[in-house]
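Trainee: Handing over run_10.txt, compact mmCIF, C-alpha atoms and all ligand atoms.
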# COMPACT_ATOMS: atom_id res chain seq x y z
CA MET A 1 11.69 -49.08 -24.28
CA SER A 2 8.10 -49.24 -23.02
CA LYS A 3 6.77 -46.70 -20.53
CA HIS A 4 8.47 -46.78 -17.16
CA PHE A 5 8.86 -44.77 -13.98
CA ILE A 6 12.14 -44.03 -12.20
CA LEU A 7 12.58 -45.26 -8.64
CA ASN A 8 14.48 -43.21 -6.05
CA THR A 9 17.40 -45.62 -6.61
CA GLY A 10 17.62 -44.35 -10.20
CA ALA A 11 16.41 -47.70 -11.59
CA GLN A 12 13.60 -47.97 -14.11
CA ILE A 13 10.38 -49.81 -13.24
CA PRO A 14 8.08 -50.77 -16.13
CA ALA A 15 4.77 -48.90 -15.76
CA ILE A 16 2.60 -52.01 -16.24
CA GLY A 17 3.21 -54.98 -13.95
CA PHE A 18 1.69 -58.47 -14.11
CA GLY A 19 0.61 -59.83 -10.72
CA THR A 20 0.68 -63.42 -9.51
CA GLY A 21 -1.62 -62.85 -6.52
CA THR A 22 -5.45 -62.69 -6.82
CA ALA A 23 -6.22 -64.93 -9.84
CA LEU A 24 -3.01 -66.97 -9.35
CA PHE A 25 -3.03 -67.00 -5.53
CA LYS A 26 -1.55 -70.32 -4.34
CA LYS A 27 -1.74 -71.63 -7.90
CA ASP A 28 0.85 -72.75 -10.43
CA ALA A 29 1.88 -69.51 -12.19
CA THR A 30 4.20 -71.11 -14.78
CA ALA A 31 1.95 -70.99 -17.84
CA LEU A 32 0.49 -67.52 -17.23
CA VAL A 33 3.85 -65.94 -16.39
CA ARG A 34 5.24 -67.38 -19.61
CA LEU A 35 2.16 -66.16 -21.54
CA ALA A 36 2.50 -62.69 -20.02
CA ILE A 37 6.20 -62.44 -20.93
CA GLU A 38 5.56 -63.77 -24.43
CA ASN A 39 2.96 -61.02 -24.83
CA GLY A 40 5.38 -58.27 -23.84
CA ILE A 41 5.22 -58.07 -20.04
CA THR A 42 8.61 -57.30 -18.44
CA HIS A 43 7.45 -56.56 -14.88
CA LEU A 44 6.21 -59.38 -12.62
CA ASP A 45 4.74 -58.88 -9.17
CA GLY A 46 5.06 -61.78 -6.74
CA ALA A 47 4.88 -62.29 -2.99
CA GLN A 48 5.79 -64.94 -0.44
CA MET A 49 2.14 -64.98 0.60
CA TYR A 50 0.98 -66.00 -2.90
CA ASP A 51 2.81 -69.29 -2.37
CA ASN A 52 3.86 -69.51 -6.03
CA GLU A 53 7.33 -67.92 -6.18
CA GLY A 54 8.73 -71.24 -7.48
CA THR A 55 6.33 -71.37 -10.42
CA LEU A 56 6.81 -67.63 -11.15
CA GLY A 57 10.53 -68.46 -11.51
CA ALA A 58 9.66 -71.50 -13.66
CA GLY A 59 7.52 -69.29 -15.92
CA VAL A 60 10.42 -66.88 -16.37
CA LYS A 61 12.74 -69.76 -17.30
CA ALA A 62 10.17 -71.25 -19.68
CA SER A 63 9.83 -67.89 -21.46
CA GLY A 64 13.54 -67.87 -22.31
CA LYS A 65 13.68 -64.16 -21.50
CA PRO A 66 16.98 -63.16 -19.83
CA ARG A 67 16.54 -62.31 -16.16
CA SER A 68 18.31 -58.98 -16.75
CA GLU A 69 15.47 -57.86 -19.06
CA LEU A 70 12.81 -58.40 -16.41
CA PHE A 71 11.76 -56.45 -13.31
CA ILE A 72 10.68 -58.80 -10.52
CA THR A 73 9.13 -57.92 -7.18
CA THR A 74 8.45 -60.06 -4.16
CA LYS A 75 7.10 -59.21 -0.70
CA ILE A 76 7.78 -60.41 2.81
CA PHE A 77 4.64 -61.27 4.77
CA THR A 78 5.71 -62.69 8.13
CA LEU A 79 8.94 -63.80 9.75
CA ALA A 80 9.30 -67.22 11.37
CA PRO A 81 10.53 -67.08 15.01
CA GLY A 82 14.23 -66.17 14.99
CA GLN A 83 14.32 -65.68 11.21
CA THR A 84 15.96 -62.56 9.75
CA ILE A 85 14.75 -60.57 6.74
CA THR A 86 17.90 -61.65 4.88
CA GLU A 87 17.14 -65.32 5.52
CA SER A 88 13.56 -64.80 4.42
CA LEU A 89 14.56 -63.14 1.13
CA LYS A 90 17.24 -65.78 0.50
CA ALA A 91 14.51 -68.44 0.84
CA SER A 92 12.41 -66.55 -1.75
CA LEU A 93 15.38 -66.31 -4.11
CA ALA A 94 15.99 -70.05 -3.78
CA ARG A 95 12.34 -70.73 -4.67
CA PHE A 96 12.54 -68.39 -7.68
CA GLY A 97 15.94 -69.62 -8.81
CA PHE A 98 17.19 -66.00 -9.00
CA ASP A 99 20.17 -64.19 -7.45
CA TYR A 100 18.25 -60.98 -6.71
CA VAL A 101 14.88 -59.27 -6.94
CA ASP A 102 14.42 -55.81 -8.42
CA LEU A 103 12.06 -54.74 -5.65
CA PHE A 104 11.40 -56.25 -2.22
CA LEU A 105 8.42 -54.97 -0.25
CA ILE A 106 7.04 -55.33 3.27
CA HIS A 107 3.62 -56.71 2.28
CA ASP A 108 1.54 -55.63 5.25
CA PRO A 109 2.60 -53.28 8.09
CA THR A 110 0.30 -55.03 10.58
CA LYS A 111 2.31 -58.27 10.31
CA ALA A 112 5.35 -56.78 12.07
CA PRO A 113 5.11 -57.13 15.86
CA ALA A 114 3.93 -53.87 17.49
CA GLY A 115 6.72 -51.29 17.58
CA GLU A 116 9.02 -53.40 15.37
CA LEU A 117 8.32 -51.89 11.95
CA GLY A 118 11.52 -49.81 12.20
CA LYS A 119 13.49 -52.96 13.02
CA TRP A 120 11.95 -54.72 10.01
CA TRP A 121 12.92 -51.77 7.84
CA ALA A 122 16.53 -52.00 9.09
CA GLY A 123 16.44 -55.64 7.91
CA MET A 124 15.18 -54.47 4.52
CA GLU A 125 18.12 -52.05 4.34
CA GLU A 126 20.49 -54.97 4.95
CA VAL A 127 19.20 -56.91 1.92
CA TYR A 128 19.41 -53.74 -0.16
CA HIS A 129 23.04 -53.11 0.81
CA ALA A 130 23.85 -56.79 0.19
CA GLY A 131 22.48 -56.47 -3.38
CA LEU A 132 19.86 -59.18 -2.84
CA ALA A 133 17.18 -56.56 -3.61
CA LYS A 134 17.99 -53.74 -6.03
CA ALA A 135 15.33 -51.60 -4.37
CA ILE A 136 13.23 -51.91 -1.20
CA GLY A 137 9.79 -50.63 -0.42
CA VAL A 138 6.48 -51.21 1.30
CA SER A 139 2.89 -52.17 0.60
CA ASN A 140 -0.42 -51.26 2.24
CA PHE A 141 1.35 -48.58 4.29
CA GLN A 142 -0.70 -45.67 5.59
CA VAL A 143 0.72 -42.32 6.71
CA GLU A 144 1.47 -43.51 10.26
CA HIS A 145 3.39 -46.56 9.00
CA ILE A 146 5.58 -44.51 6.65
CA ASN A 147 6.24 -41.98 9.41
CA GLU A 148 7.16 -44.78 11.82
CA ILE A 149 9.86 -46.26 9.57
CA LEU A 150 11.17 -42.85 8.46
CA GLN A 151 12.09 -42.08 12.09
CA THR A 152 15.06 -44.45 11.82
CA ALA A 153 15.34 -45.22 8.09
CA LYS A 154 18.62 -44.59 6.29
CA VAL A 155 17.14 -45.66 2.96
CA VAL A 156 13.79 -44.11 1.94
CA PRO A 157 11.34 -46.73 0.57
CA ALA A 158 11.32 -46.76 -3.22
CA ALA A 159 7.64 -47.69 -3.57
CA ASN A 160 4.37 -48.16 -1.69
CA GLN A 161 2.04 -50.68 -3.36
CA ILE A 162 -1.54 -49.91 -2.35
CA GLU A 163 -5.08 -50.47 -3.51
CA PHE A 164 -5.53 -47.46 -5.75
CA HIS A 165 -8.42 -46.66 -8.09
CA PRO A 166 -11.06 -43.89 -8.29
CA TYR A 167 -13.31 -45.47 -5.63
CA VAL A 168 -10.51 -45.14 -3.02
CA TRP A 169 -9.10 -41.91 -4.44
CA LYS A 170 -10.39 -39.72 -1.60
CA ALA A 171 -9.30 -42.11 1.16
CA ALA A 172 -5.87 -42.59 -0.43
CA GLU A 173 -5.13 -38.89 -0.91
CA PRO A 174 -3.13 -38.40 2.36
CA ILE A 175 -0.86 -41.40 1.73
CA VAL A 176 -0.43 -40.51 -1.95
CA LYS A 177 0.52 -36.93 -0.97
CA LEU A 178 3.04 -38.08 1.65
CA CYS A 179 4.62 -40.59 -0.73
CA LYS A 180 4.95 -37.92 -3.41
CA GLU A 181 6.65 -35.56 -0.92
CA LYS A 182 9.13 -38.27 0.09
CA GLY A 183 9.83 -39.51 -3.45
CA ILE A 184 8.11 -42.86 -2.85
CA LEU A 185 6.49 -44.20 -6.02
CA ILE A 186 2.89 -45.40 -5.73
CA GLU A 187 2.10 -48.79 -7.25
CA SER A 188 -1.62 -49.41 -7.79
CA TYR A 189 -3.21 -52.80 -7.34
CA GLY A 190 -6.92 -53.54 -7.69
CA GLY A 191 -7.02 -50.73 -10.25
CA LEU A 192 -9.82 -52.29 -12.28
CA THR A 193 -12.13 -52.51 -9.27
CA PRO A 194 -14.65 -49.93 -10.59
CA ILE A 195 -15.47 -52.13 -13.60
CA VAL A 196 -14.66 -55.61 -12.26
CA ARG A 197 -15.78 -55.52 -8.61
CA ALA A 198 -18.12 -52.52 -8.41
CA PRO A 199 -19.88 -52.16 -11.76
CA GLY A 200 -22.97 -49.96 -11.92
CA GLY A 201 -21.43 -47.17 -9.84
CA PRO A 202 -21.21 -43.42 -10.47
CA LEU A 203 -18.06 -43.82 -12.54
CA ASP A 204 -19.63 -45.95 -15.29
CA PRO A 205 -21.09 -43.15 -17.45
CA VAL A 206 -17.95 -41.02 -17.03
CA LEU A 207 -15.69 -43.88 -18.15
CA GLU A 208 -17.98 -44.60 -21.10
CA ASN A 209 -17.90 -40.95 -22.27
CA ILE A 210 -14.12 -40.82 -22.07
CA ARG A 211 -13.72 -44.25 -23.67
CA SER A 212 -15.84 -43.27 -26.66
CA ARG A 213 -14.11 -39.87 -26.98
CA LEU A 214 -10.71 -41.59 -27.04
CA GLU A 215 -11.86 -44.17 -29.56
CA LYS A 216 -12.92 -41.37 -31.92
CA THR A 217 -9.78 -39.28 -31.33
CA ASP A 218 -7.30 -42.16 -31.61
CA GLY A 219 -9.12 -44.27 -34.20
CA ILE A 220 -8.37 -47.50 -32.26
CA PRO A 221 -10.50 -49.62 -29.92
CA VAL A 222 -10.33 -48.32 -26.33
CA SER A 223 -11.75 -50.17 -23.30
CA ALA A 224 -13.02 -48.85 -19.97
CA GLY A 225 -10.13 -50.75 -18.33
CA GLN A 226 -7.65 -48.79 -20.42
CA VAL A 227 -9.28 -45.52 -19.36
CA LEU A 228 -8.81 -46.57 -15.71
CA SER A 229 -5.19 -47.52 -16.40
CA LYS A 230 -4.58 -44.11 -18.02
CA TRP A 231 -6.04 -42.40 -14.94
CA ILE A 232 -3.68 -44.40 -12.68
CA LEU A 233 -0.63 -43.73 -14.87
CA GLN A 234 -1.45 -40.01 -15.08
CA LYS A 235 -1.55 -39.97 -11.26
CA ASP A 236 2.11 -41.09 -11.58
CA ALA A 237 1.41 -44.58 -10.30
CA VAL A 238 2.51 -47.97 -11.66
CA VAL A 239 -0.36 -50.27 -12.72
CA VAL A 240 -0.08 -53.75 -11.20
CA THR A 241 -2.78 -55.83 -12.81
CA THR A 242 -3.30 -59.39 -13.99
CA SER A 243 -5.23 -61.51 -16.45
CA THR A 244 -5.70 -65.10 -17.50
CA LYS A 245 -6.17 -64.01 -21.13
CA ALA A 246 -3.56 -63.16 -23.77
CA GLU A 247 -5.82 -60.56 -25.41
CA ARG A 248 -6.29 -58.72 -22.11
CA ILE A 249 -2.53 -58.79 -21.43
CA GLN A 250 -1.99 -57.17 -24.83
CA GLU A 251 -4.76 -54.67 -24.04
CA PHE A 252 -2.90 -53.67 -20.84
CA LEU A 253 0.29 -52.99 -22.78
CA VAL A 254 -1.20 -51.09 -25.71
CA VAL A 255 -2.58 -48.59 -23.21
CA GLU A 256 0.62 -46.73 -24.12
CA ASN A 257 -0.89 -46.04 -27.55
CA VAL A 258 -3.98 -44.40 -26.05
CA SER A 259 -3.90 -40.59 -25.81
CA ASP A 260 -3.70 -38.93 -22.43
CA LEU A 261 -6.89 -37.99 -20.62
CA THR A 262 -7.51 -34.25 -20.47
CA GLN A 263 -7.39 -32.36 -17.15
CA GLU A 264 -11.21 -32.14 -17.32
CA GLU A 265 -11.51 -35.90 -17.85
CA LEU A 266 -9.14 -36.64 -14.95
CA GLN A 267 -11.18 -34.31 -12.75
CA ALA A 268 -14.47 -35.92 -13.86
CA ILE A 269 -13.08 -39.34 -12.78
CA ASP A 270 -11.85 -37.93 -9.44
CA ASP A 271 -15.30 -36.38 -8.83
CA ALA A 272 -17.35 -39.45 -9.79
CA GLY A 273 -14.94 -41.73 -7.89
CA SER A 274 -15.31 -39.61 -4.76
CA LYS A 275 -19.06 -40.38 -4.69
CA LEU A 276 -18.49 -44.03 -3.78
CA HIS A 277 -16.00 -45.56 -1.37
CA LYS A 278 -15.18 -49.15 -2.26
CA ARG A 279 -12.12 -50.83 -0.78
CA VAL A 280 -11.65 -54.51 -1.61
CA PHE A 281 -8.31 -55.64 -0.17
CA MET A 282 -6.47 -55.50 3.15
CA HIS A 283 -9.20 -53.81 5.19
CA HIS A 284 -7.23 -54.44 8.38
CA ALA A 285 -4.03 -52.87 7.03
CA PHE A 286 -5.30 -50.03 4.89
CA LYS A 287 -8.27 -48.74 6.85
CA ASP A 288 -11.13 -46.62 5.52
N1 LIG B 1 0.13 -55.74 -2.19
C1 LIG B 1 -1.05 -56.25 -1.98
O1 LIG B 1 -1.54 -56.36 -0.85
C2 LIG B 1 -1.86 -56.71 -3.18
C3 LIG B 1 -3.23 -56.95 -3.05
C4 LIG B 1 -3.94 -57.34 -4.20
C5 LIG B 1 -3.27 -57.49 -5.42
N2 LIG B 1 -1.92 -57.27 -5.49
C6 LIG B 1 -1.18 -57.48 -6.75
O2 LIG B 1 -1.85 -56.87 -7.83
C7 LIG B 1 -2.13 -57.86 -8.83
C8 LIG B 1 -3.38 -57.44 -9.58
O3 LIG B 1 -4.45 -57.37 -8.67
P1 LIG B 1 -5.94 -57.35 -9.13
O4 LIG B 1 -6.33 -58.73 -9.60
O5 LIG B 1 -6.72 -56.76 -8.02
O6 LIG B 1 -5.88 -56.39 -10.41
P2 LIG B 1 -7.02 -55.70 -11.25
O7 LIG B 1 -6.30 -55.09 -12.39
O8 LIG B 1 -7.91 -54.84 -10.43
O9 LIG B 1 -7.95 -56.89 -11.75
C9 LIG B 1 -7.49 -57.87 -12.61
C10 LIG B 1 -8.63 -58.85 -12.78
O10 LIG B 1 -9.67 -58.20 -13.49
C11 LIG B 1 -10.17 -59.05 -14.51
N3 LIG B 1 -10.57 -58.17 -15.62
C12 LIG B 1 -9.79 -57.32 -16.32
N4 LIG B 1 -10.53 -56.63 -17.22
C13 LIG B 1 -11.78 -57.06 -17.08
C14 LIG B 1 -12.99 -56.75 -17.71
N5 LIG B 1 -13.05 -55.84 -18.69
N6 LIG B 1 -14.11 -57.39 -17.31
C15 LIG B 1 -14.04 -58.32 -16.34
N7 LIG B 1 -12.92 -58.67 -15.69
C16 LIG B 1 -11.82 -58.06 -16.06
C17 LIG B 1 -9.04 -59.96 -14.87
O11 LIG B 1 -9.62 -61.19 -15.22
P3 LIG B 1 -9.35 -61.94 -16.62
O12 LIG B 1 -8.46 -63.07 -16.28
O13 LIG B 1 -10.69 -62.36 -17.05
O14 LIG B 1 -8.72 -60.96 -17.57
C18 LIG B 1 -8.24 -60.07 -13.57
O15 LIG B 1 -8.65 -61.21 -12.82
C19 LIG B 1 -2.20 -59.16 -8.05
O16 LIG B 1 -2.06 -60.28 -8.87
C20 LIG B 1 -1.05 -58.95 -7.11
O17 LIG B 1 0.18 -59.21 -7.74
C21 LIG B 1 -1.22 -56.86 -4.40
Just give me the structure as structure tokens.
Ligand SMILES: NC(=O)c1ccc[n+]([C@@H]2O[C@H](COP(=O)([O-])OP(=O)(O)OC[C@H]3O[C@@H](n4cnc5c(N)ncnc54)[C@H](OP(=O)(O)O)[C@@H]3O)[C@@H](O)[C@H]2O)c1
Mentor:
Amino acid sequence: MSKHFILNTGAQIPAIGFGTGTALFKKDATALVRLAIENGITHLDGAQMYDNEGTLGAGVKASGKPRSELFITTKIFTLAPGQTITESLKASLARFGFDYVDLFLIHDPTKAPAGELGKWWAGMEEVYHAGLAKAIGVSNFQVEHINEILQTAKVVPAANQIEFHPYVWKAAEPIVKLCKEKGILIESYGGLTPIVRAPGGPLDPVLENIRSRLEKTDGIPVSAGQVLSKWILQKDAVVVTTSTKAERIQEFLVVENVSDLTQEELQAIDDAGSKLHKRVFMHHAFKD
């Protein structure tokens, strides 16, 4: 079995997830989901807000892969007036053509009406107990949001999916620390930001040194993106990434064949990353 983490439910979550937001936002995901699965992806990250749950489900069907061999996430964004969380997830499941999701997340804490995050979490617990979601969690939650739901929670969130890469490492430290203490797994999105959205920064020479050291040590091609993925995985976080290209999807997965970064290399990335703060997503929800 490929690398995975264990959620606080005891279930396994594959360490590399393929996202259907960003590049596939509001687009037909059928072909790329199928391509990703055919290239070895078993973990798919969707959301109601991406407006493509139906085509994510179609891509799964087209791949021929049994549902039971896949880990599928979706996220609730907003509730229509009078709608319950259960009704909202059932609508997602109907779009997917699935009976359950493996992980259901609250996408953005600022979308719950003020003071109602705890009530939303109680609704999440209902879908968990009903078996419609095998695990429940959150996304873009800061310390205050986690603390707010934990006041009344009976089920501790299994995961918090946040923007997480070296250029937000310093800002993310308090939420990462709290999640670790509570047994909430961090899922990283936007992890390739230092090379894709902020090239030319203080991390570039550090990544290049490590990349070339690994290439020599392992005797296989190693990319800067793989070095970033190793850093994320060695921080005990899931990598949620995406690509439109089969070769890049394979590159994500073979990261498991790349040797671990040394403590000195991890520290060098932390240090260089701390010199630049660059947050790309959800500014309103996950403040600087
Ligand atoms: N919970 C949330 O609020 C939230 C927010 C954002 C994202 N997400 C989830 O996370 C998923 C991944 O997000 P992300 O797109 O930000 O992930 P990412 O891993 O930071 O970036 C992936 C993008 O980088 C490009 N890329 C990869 N390697 C590259 C390279 N060497 N040079 C140039 N471009 C390269 C890929 O394009 P190619 O097609 O060219 O490979 C792809 O578009 C989303 O699809 C979504 O499921 C969640």
Trainee: Contacts of region 219-230 of chain A at 8 Å or less, counting all atoms listed in the file, minus same-chain residues fewer than 3 places along, as a count of residues only?
Mentor: 21
Trainee: Hey, which residues come within 8 Å of ligand LIG 1 (chain B) if we count all atoms listed in the file? Could you give them as number ranges by chain?
Mentor: A: 17-25, 44-47, 75, 107-108, 139-140, 161-163, 188-193, 195-196, 223-225, 239-245, 248-249, 281-282
Trainee: Nearest residue to Leu103 (chain A) out of A:Lys3, A:Lys65, A:Arg213, A:Lys134, using all atoms listed in the file?
Mentor: A:Lys134
Trainee: Quick one: everything within 10 Å of Ala91 (chain A), counting all atoms listed in the file, minus sequence neighbours fewer than 6 positions away in the same chain. Send it as a PDB file with C-alpha atoms, in the coordinates of the input.
Mentor:
ATOM      1  CA  GLN A  48       5.790 -64.940  -0.440  1.00  0.00           C
ATOM      2  CA  ILE A  85      14.750 -60.570   6.740  1.00  0.00           C
ATOM      3  CA  GLY A  97      15.940 -69.620  -8.810  1.00  0.00           C
TER       4      GLY A  97
END
Trainee: Kindly give the distance, in Å, that separates CA of Val176 (chain A) and CA of Asn160 (chain A), rounded to a single decimal.
Mentor: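 These atoms are spaced 9.0 Å apart.
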Trainee: For each of A:Cys179, A:Asp236, A:Gly201, A:Ala246, take the minimum atom-to-atom distance to Ala272 (chain A), counting only C-alpha atoms, then give the residue where this is smallest.
Mentor: A:Gly201
Trainee: Hey, can you pull every residue with an atom no more than 12 Å from (7.7, -71.3, -6.6), using all atoms listed in the file, and send it as a ChimeraX atom specification?
Mentor: /A:20,24-30,33,46-61,74,91-98
Trainee: Identify which of the residues A:Lys154, A:Lys111, A:Arg197, A:His283 lies closest to Gly123 (chain A), counting all atoms listed in the file when measuring atom-to-atom distances.
Mentor: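 Closest to Gly123 (chain A), using all atoms listed in the file: A:Lys154.
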Trainee: Mind pulling up the distance from CA of Ile175 (chain A) to CA of Val206 (chain A)?
Mentor: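 One can read the CA of Val206 (chain A) to CA of Ile175 (chain A) distance as 25.4 Å.
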Trainee: When you draw a straight line from CA of His145 (chain A) to CA of Val238 (chain A), how long is it in Å?
Mentor: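 Separating CA of His145 (chain A) from CA of Val238 (chain A) is a distance of 20.7 Å.
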Trainee: Considering all atoms listed in the file, can you say which of A:Ala133, A:Val155, A:Val168, A:Leu105 comes closest to Lys275 (chain A)?
Mentor: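 Closest to Lys275 (chain A), using all atoms listed in the file: A:Val168.
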Trainee: Which residue out of A:Trp231, A:Phe71, A:Pro81, A:Ala130 has the minimum interatomic distance to Glu264 (chain A) when only C-alpha atoms are used?
Mentor: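 Checking each candidate against Glu264 (chain A), we get A:Trp231 as the closest.
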Trainee: For a quick check of understanding, using all atoms listed in the file, which of A:Ile184, A:Ile6, A:Ala171, A:Ala112 has the smallest distance to Leu79 (chain A)?
Mentor: A:Ala112
Trainee: Please list as a list in words every residue within 9 Å of Glu125 (chain A), counting only C-alpha atoms and excluding residues in the same chain fewer than 3 positions away.
Mentor: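 Once the nearby chain positions are removed, what remains is Trp120, Trp121, Ala122, Tyr128, His129, Ala130, Ile136, Ala153, Lys154 and Val155 of chain A.
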Trainee: Can you spit out the residues from that selection as an mmCIF file, in the coordinates of the input, using C-alpha atoms?
Mentor:
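again-v6.cif, freshly written:
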data_model
loop_
_atom_site.group_PDB
_atom_site.id
_atom_site.type_symbol
_atom_site.label_atom_id
_atom_site.label_comp_id
_atom_site.auth_asym_id
_atom_site.auth_seq_id
_atom_site.Cartn_x
_atom_site.Cartn_y
_atom_site.Cartn_z
ATOM 1 C CA TRP A 120 11.950 -54.720 10.010
ATOM 2 C CA TRP A 121 12.920 -51.770 7.840
ATOM 3 C CA ALA A 122 16.530 -52.000 9.090
ATOM 4 C CA TYR A 128 19.410 -53.740 -0.160
ATOM 5 C CA HIS A 129 23.040 -53.110 0.810
ATOM 6 C CA ALA A 130 23.850 -56.790 0.190
ATOM 7 C CA ILE A 136 13.230 -51.910 -1.200
ATOM 8 C CA ALA A 153 15.340 -45.220 8.090
ATOM 9 C CA LYS A 154 18.620 -44.590 6.290
ATOM 10 C CA VAL A 155 17.140 -45.660 2.960
#
Trainee: Excluding Pro166 (chain A) and any residue of its chain fewer than 6 positions from it, enumerate the residues within 8 Å of it, using all atoms listed in the file, and give them as a PDB file with C-alpha atoms, in the coordinates of the input.
Mentor:
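File written: selection.pdb
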ATOM      1  CA  PRO A 194     -14.650 -49.930 -10.590  1.00  0.00           C
ATOM      2  CA  ILE A 269     -13.080 -39.340 -12.780  1.00  0.00           C
ATOM      3  CA  ASP A 270     -11.850 -37.930  -9.440  1.00  0.00           C
ATOM      4  CA  ALA A 272     -17.350 -39.450  -9.790  1.00  0.00           C
ATOM      5  CA  GLY A 273     -14.940 -41.730  -7.890  1.00  0.00           C
ATOM      6  CA  SER A 274     -15.310 -39.610  -4.760  1.00  0.00           C
TER       7      SER A 274
END
